[in-house]
Structures are given as C-alpha cells and as structure tokens.
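**Student:** I have a structure I would like to understand better, so I am pasting it below and will then ask my questions one at a time.
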Amino acid sequence: MDMFNLMINQFGAQHWWPGDTELEMMAGAILTQNTSWKNVDKAIANLKDKGLLDIERLYNLPPAALAEEIRPAGYFNIKAVRLKNLINFLVEQYSGDMSLFLSDKTERLREGLLSVKGVGPETADSILLYAARRAVFVIDAYTYRILYRHGIIEDQITYDELKELFESNLPAEEGLFNEFHALIVRTAKEFCKGKPLCGQCPLNGWELV
DNA sequence: CACCAGGCAAGTA
DNA sequence: TACTTGCATGGT
C-alpha cells in the first residue's frame with residue numbers, strides 16, 4: 001500500500017494546522033522552528049490573551065516586548081525579530097491587508113516570503129499550504145528522516161528536490177498535501193524515536209505512491 | 001545528567 | 001561551496 005493510505009489508516013485525519021486565523025498560523029510557522037508545538041502553543045496563548053495577534057498591534061510592538069510574550073517557544077529574541085520581519089513584509093508589500101496577501105499568486109508569495117530574514121523554505125511552504133491553502137508540499141526533518149531510513153532518498157538531497165519528488169508523484173491537491181504532511185509528523189513522532197529504522201513502523205514494506 | 005523539538009542565518013575556511 | 005555554530009525553553 002502507499003504511504004498516505006498506510007498513515008491515514010493508522011492514525012486518521014490530523015486536522016492541521018492548529019490556528020484559528022491566517023495570522024495565527026503564520027506566527028506559528030515562525031515560532032515552531034526547531035521547537036515542539038507544545039511550547040509554541042504557550043507563546044501563542046500569551047499573544048492571544050493580550051490581544052496582540054493582530055498585524056497593526058504586532059507592527060507597533062517593540063521586539064523586546066514581543067520576545068517576552070513568546071519566551072516559552074525558545075529562541076525568543078531571534079524569533080521576535082523574525083516575526084517582526086514577517087509583519088513588516090505584510091505591511092510594506094500588502095499594506096498590512098491579509099486578504100490582499102492571501103489573494104496573491106503562489107510563486108510571488110513564495111518569492112516574497114523567502115526574502116524575509118528568518119523565513120526559510122519550510123516556513124514559507126508551511127505558510128503557503130496551511131495559511132494560504134495552496135497545493136504546496138511541505139518538507140521537514142521528519143520527511144527527510146523517514147524517506148532516508150527507508151532507503152527512498154540519498155542523504156544529500158536538497159529541500160527543493162525532495163519537495164519535487166512528492167509534488168510530481170501526487171495530484172496537486174491542497175487538502176491532500178495538508179493531511180500528508182501532518183501524517184508524516186504524526187508517524188515520525190510515534191515511531192522514529194531513537195532507532196535508525198523502527199521495526200514497529202507502519203510504513204515497513206510500503207511504497208511512496 | 002544528556003538529548004531533542006514541525007529551522008534559519010551567520011560565520012569560517 | 002560546504003560545514004559549523006548560535007539561538008533557548010520545556011519535556012523525557
């Protein structure tokens with residue numbers, strides 16, 4: 001059986017991305033860089049509680065004050081600057097208008113996001129897939145690990161190459177890419193702790209597509 | 001106690 | 001170009 005069906009049979013739908021608004025999902029994409037979602041959740045709760053999850057409020061908030069609110073997410077000083085950079089980008093390129101940002105073309109959005117310091121390929125693609133709901137496949141460390149351990153890819157494969165491997169072998173459907181990435185994270189969390197290749201892995205004997 | 005978590009940029013040679 | 005290092009809290 002193929003990878004997607006093995007995972008969804010095992011775990012069911014994951015209902016990603018956690019977040020009620022596009023801005024919340026975008027902030028979460030920065031905050032979760034190399035950080036567990038549990039810690040990110042506390043940081044987002046702080047922002048929500050103080051009514052700061054708003055483009056204008058964040059734009060006018062000093063980085064040091066933002067850093068205090070997002071402290072539980074770790075790397076708080078650098079993430080405060082990164083989040084400010086992303087907000088500045090929205091204000092300067094889209095007049096701080098989220099609907100304007102969300103209606104732009106995918107290629108232009110990705111190029112713009114990648115020009116923001118602190119937004120790399122995974123963060124940009126997470127924003128495109130989960131906030132802007134584009135059919136963009138998100139690659140992360142779990143995706144590399146699972147495919148590498150199962151002998152599907154070489155370790156020196158690039159982000160864009162691995163992304164292309166999925167996108168060229170799957171129908172370009174946003175809903176599918178959303179669930180697929182969430183299931184990869186779920187599967188890795190359950191079965192990829194420690195051992196190079198877990199004997200319990202539900203993907204043993206699988207096919208990519 | 002060590003190690004990891006839904007990365008990224010800057011520094012080094 | 002190809003590594004290496006800093007960033008930092010919270011859970012196991």
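Ordered as shown in the structure tokens, chains take letters A, B, and onward, while each chain numbers its residues from 1 and ligands are numbered from 1 in the order shown.
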Determine, counting only C-alpha atoms (C1' of nucleotides), which protein, DNA and RNA residues have an atom within 12 Å of an atom of DA10 of chain B; residues of the same chain fewer than 4 positions away are not included. Present the result as a PyMOL selection string.
**Tutor:** (chain A and resi 117-118) or (chain C and resi 4-7)
**Student:** At a cut-off of 6 Å, which residues of chain A touch chain C? Count only C-alpha atoms (C1' of nucleotides) and give the answer as a list in words.
**Tutor:**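 The contacting residues on chain A are Pro72, Gly74 and Tyr75 of chain A.
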**Student:** Write out the residues from the selection above, keeping C-alpha atoms, as a PDB file, in the first residue's frame.
**Tutor:**
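Output (out.pdb):
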```pdb
ATOM      1  CA  PRO A  72       8.114  29.754  26.114  1.00  0.00           C
ATOM      2  CA  GLY A  74      12.511  29.261  22.867  1.00  0.00           C
ATOM      3  CA  TYR A  75      14.945  31.301  20.726  1.00  0.00           C
TER       4      TYR A  75
END
```
**Student:** Quick one: which residues from chain A are at most 8 Å off chain B, using only C-alpha atoms (C1' of nucleotides), as a PyMOL selection string?
**Tutor:** chain A and resi 32-37+117-120+122-123+140+185
**Student:** Can you pull out the residues contacting Asn77 of chain A? Cut-off 8 Å, using only C-alpha atoms (C1' of nucleotides), and skip same-chain residues under 2 positions away; I want them as a list of chain:residue names.
**Tutor:**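 The filter keeps A:Pro63, A:Ala64, A:Ala67, A:Tyr75, A:Lys79, A:Ala80, A:Val81.
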**Student:** Any idea what the distance is between atom CA of Asp125 of chain A and atom CA of Val138 of chain A?
**Tutor:**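 Separating atom CA of Asp125 of chain A from atom CA of Val138 of chain A is a distance of 5.6 Å.
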**Student:** Mind checking DSSP for segment 3-209 of chain A and telling me the alpha helix (DSSP H) residues as a ChimeraX atom specification?
**Tutor:** /A:3-11,22-31,37-49,55-60,63-69,76-94,98-102,106-114,121-126,141-149,159-167,174-191
**Student:** How would the residues just picked look written out with C-alpha atoms as a compact mmCIF listing (two decimals), in the first residue's frame?
**Tutor:**
```txt
# COMPACT_ATOMS: atom_id res chain seq x y z
CA MET A 3 2.49 5.84 2.23
CA PHE A 4 -0.51 8.14 2.57
CA ASN A 5 -3.10 5.38 2.97
CA LEU A 6 -0.96 3.45 5.44
CA MET A 7 -0.67 6.54 7.61
CA ILE A 8 -4.28 7.65 7.43
CA ASN A 9 -5.50 4.12 8.12
CA GLN A 10 -3.26 4.03 11.18
CA PHE A 11 -3.88 7.50 12.60
CA GLU A 22 -4.21 33.05 8.93
CA LEU A 23 -2.08 35.38 11.06
CA GLU A 24 -2.04 32.88 13.90
CA MET A 25 -0.89 30.13 11.52
CA MET A 26 1.83 32.37 10.10
CA ALA A 27 3.08 33.28 13.55
CA GLY A 28 3.02 29.61 14.48
CA ALA A 29 5.16 28.79 11.44
CA ILE A 30 7.92 31.07 12.77
CA LEU A 31 7.56 30.03 16.39
CA TRP A 37 4.33 22.68 19.22
CA LYS A 38 3.57 22.38 22.93
CA ASN A 39 5.92 25.28 23.64
CA VAL A 40 4.63 27.22 20.65
CA ASP A 41 1.10 26.86 21.96
CA LYS A 42 2.02 28.68 25.18
CA ALA A 43 3.59 31.53 23.24
CA ILE A 44 0.53 31.88 21.01
CA ALA A 45 -1.75 31.79 24.07
CA ASN A 46 0.20 34.72 25.52
CA LEU A 47 -0.24 36.71 22.32
CA LYS A 48 -3.96 35.89 22.18
CA ASP A 49 -4.55 36.77 25.83
CA ILE A 55 -0.97 42.95 12.28
CA GLU A 56 -1.13 46.55 13.49
CA ARG A 57 -0.53 45.65 17.13
CA LEU A 58 2.45 43.47 16.24
CA TYR A 59 3.78 46.11 13.87
CA ASN A 60 3.83 48.67 16.67
CA PRO A 63 10.86 43.42 19.55
CA ALA A 64 11.88 43.21 23.21
CA ALA A 65 8.24 43.29 24.33
CA LEU A 66 7.32 40.65 21.76
CA ALA A 67 10.22 38.49 22.92
CA GLU A 68 8.81 38.40 26.45
CA GLU A 69 5.44 37.17 25.22
CA PHE A 76 12.66 34.15 21.76
CA ASN A 77 14.96 37.03 20.86
CA ILE A 78 15.62 35.86 17.33
CA LYS A 79 12.03 34.71 16.79
CA ALA A 80 10.73 38.11 17.91
CA VAL A 81 12.84 39.74 15.18
CA ARG A 82 11.76 37.13 12.63
CA LEU A 83 8.10 37.62 13.43
CA LYS A 84 8.54 41.38 13.20
CA ASN A 85 10.26 40.92 9.83
CA LEU A 86 7.27 38.93 8.58
CA ILE A 87 4.83 41.56 9.85
CA ASN A 88 6.90 44.32 8.23
CA PHE A 89 6.73 42.38 4.97
CA LEU A 90 2.91 42.20 5.19
CA VAL A 91 2.67 45.91 5.95
CA GLU A 92 5.15 47.06 3.33
CA GLN A 93 4.22 44.72 0.48
CA TYR A 94 0.49 44.23 1.14
CA MET A 98 -4.17 39.88 4.97
CA SER A 99 -6.79 39.30 2.29
CA LEU A 100 -4.57 41.07 -0.22
CA PHE A 101 -1.65 38.83 0.78
CA LEU A 102 -3.81 35.70 0.57
CA THR A 106 1.66 31.40 -5.22
CA GLU A 107 5.04 31.91 -6.93
CA ARG A 108 5.10 35.58 -6.00
CA LEU A 109 4.10 34.80 -2.42
CA ARG A 110 6.87 32.23 -2.04
CA GLU A 111 9.48 34.54 -3.50
CA GLY A 112 8.39 37.31 -1.15
CA LEU A 113 8.28 35.09 1.93
CA LEU A 114 11.75 33.74 1.22
CA PRO A 121 11.82 27.12 2.67
CA GLU A 122 9.92 25.11 5.28
CA THR A 123 8.43 28.14 7.00
CA ALA A 124 7.48 29.69 3.65
CA ASP A 125 5.85 26.49 2.40
CA SER A 126 4.02 25.94 5.70
CA ALA A 141 13.28 17.00 9.12
CA TYR A 142 10.80 14.15 9.70
CA THR A 143 10.17 13.81 5.97
CA TYR A 144 13.90 13.50 5.30
CA ARG A 145 14.35 11.06 8.16
CA ILE A 146 11.55 8.70 7.19
CA LEU A 147 12.42 8.58 3.49
CA TYR A 148 16.15 8.28 4.16
CA ARG A 149 15.75 5.48 6.70
CA TYR A 159 14.81 20.63 0.08
CA ASP A 160 13.51 21.56 -3.35
CA GLU A 161 14.37 18.15 -4.82
CA LEU A 162 12.50 16.29 -2.10
CA LYS A 163 9.56 18.65 -2.44
CA GLU A 164 9.52 17.98 -6.18
CA LEU A 165 9.60 14.22 -5.58
CA PHE A 166 6.28 14.43 -3.73
CA GLU A 167 4.66 17.06 -5.93
CA GLU A 174 -4.19 21.27 -1.13
CA GLY A 175 -6.27 19.01 1.11
CA LEU A 176 -4.10 16.00 0.30
CA PHE A 177 -0.82 17.88 0.91
CA ASN A 178 -2.17 19.28 4.17
CA GLU A 179 -3.08 15.86 5.56
CA PHE A 180 0.01 14.17 4.12
CA HIS A 181 2.47 16.45 5.90
CA ALA A 182 0.54 16.29 9.17
CA LEU A 183 0.54 12.49 8.99
CA ILE A 184 4.30 12.39 8.36
CA VAL A 185 4.86 14.40 11.54
CA ARG A 186 2.48 12.18 13.48
CA THR A 187 4.07 8.97 12.20
CA ALA A 188 7.60 10.17 12.95
CA LYS A 189 6.64 11.21 16.48
CA GLU A 190 5.16 7.81 17.18
CA PHE A 191 7.77 5.58 15.55
```
**Student:** Between atom CA of Ser115 of chain A and atom CA of Asp155 of chain A, what is the distance in Å, rounded to a tenth?
**Tutor:**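 According to the coordinates, atom CA of Ser115 of chain A and atom CA of Asp155 of chain A are separated by 26.6 Å.
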**Student:** Hey, can you check how far atom CA of Arg134 of chain A sits from atom CA of Asn169 of chain A?
**Tutor:**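 Pair atom CA of Arg134 of chain A / atom CA of Asn169 of chain A returns 16.9 Å.
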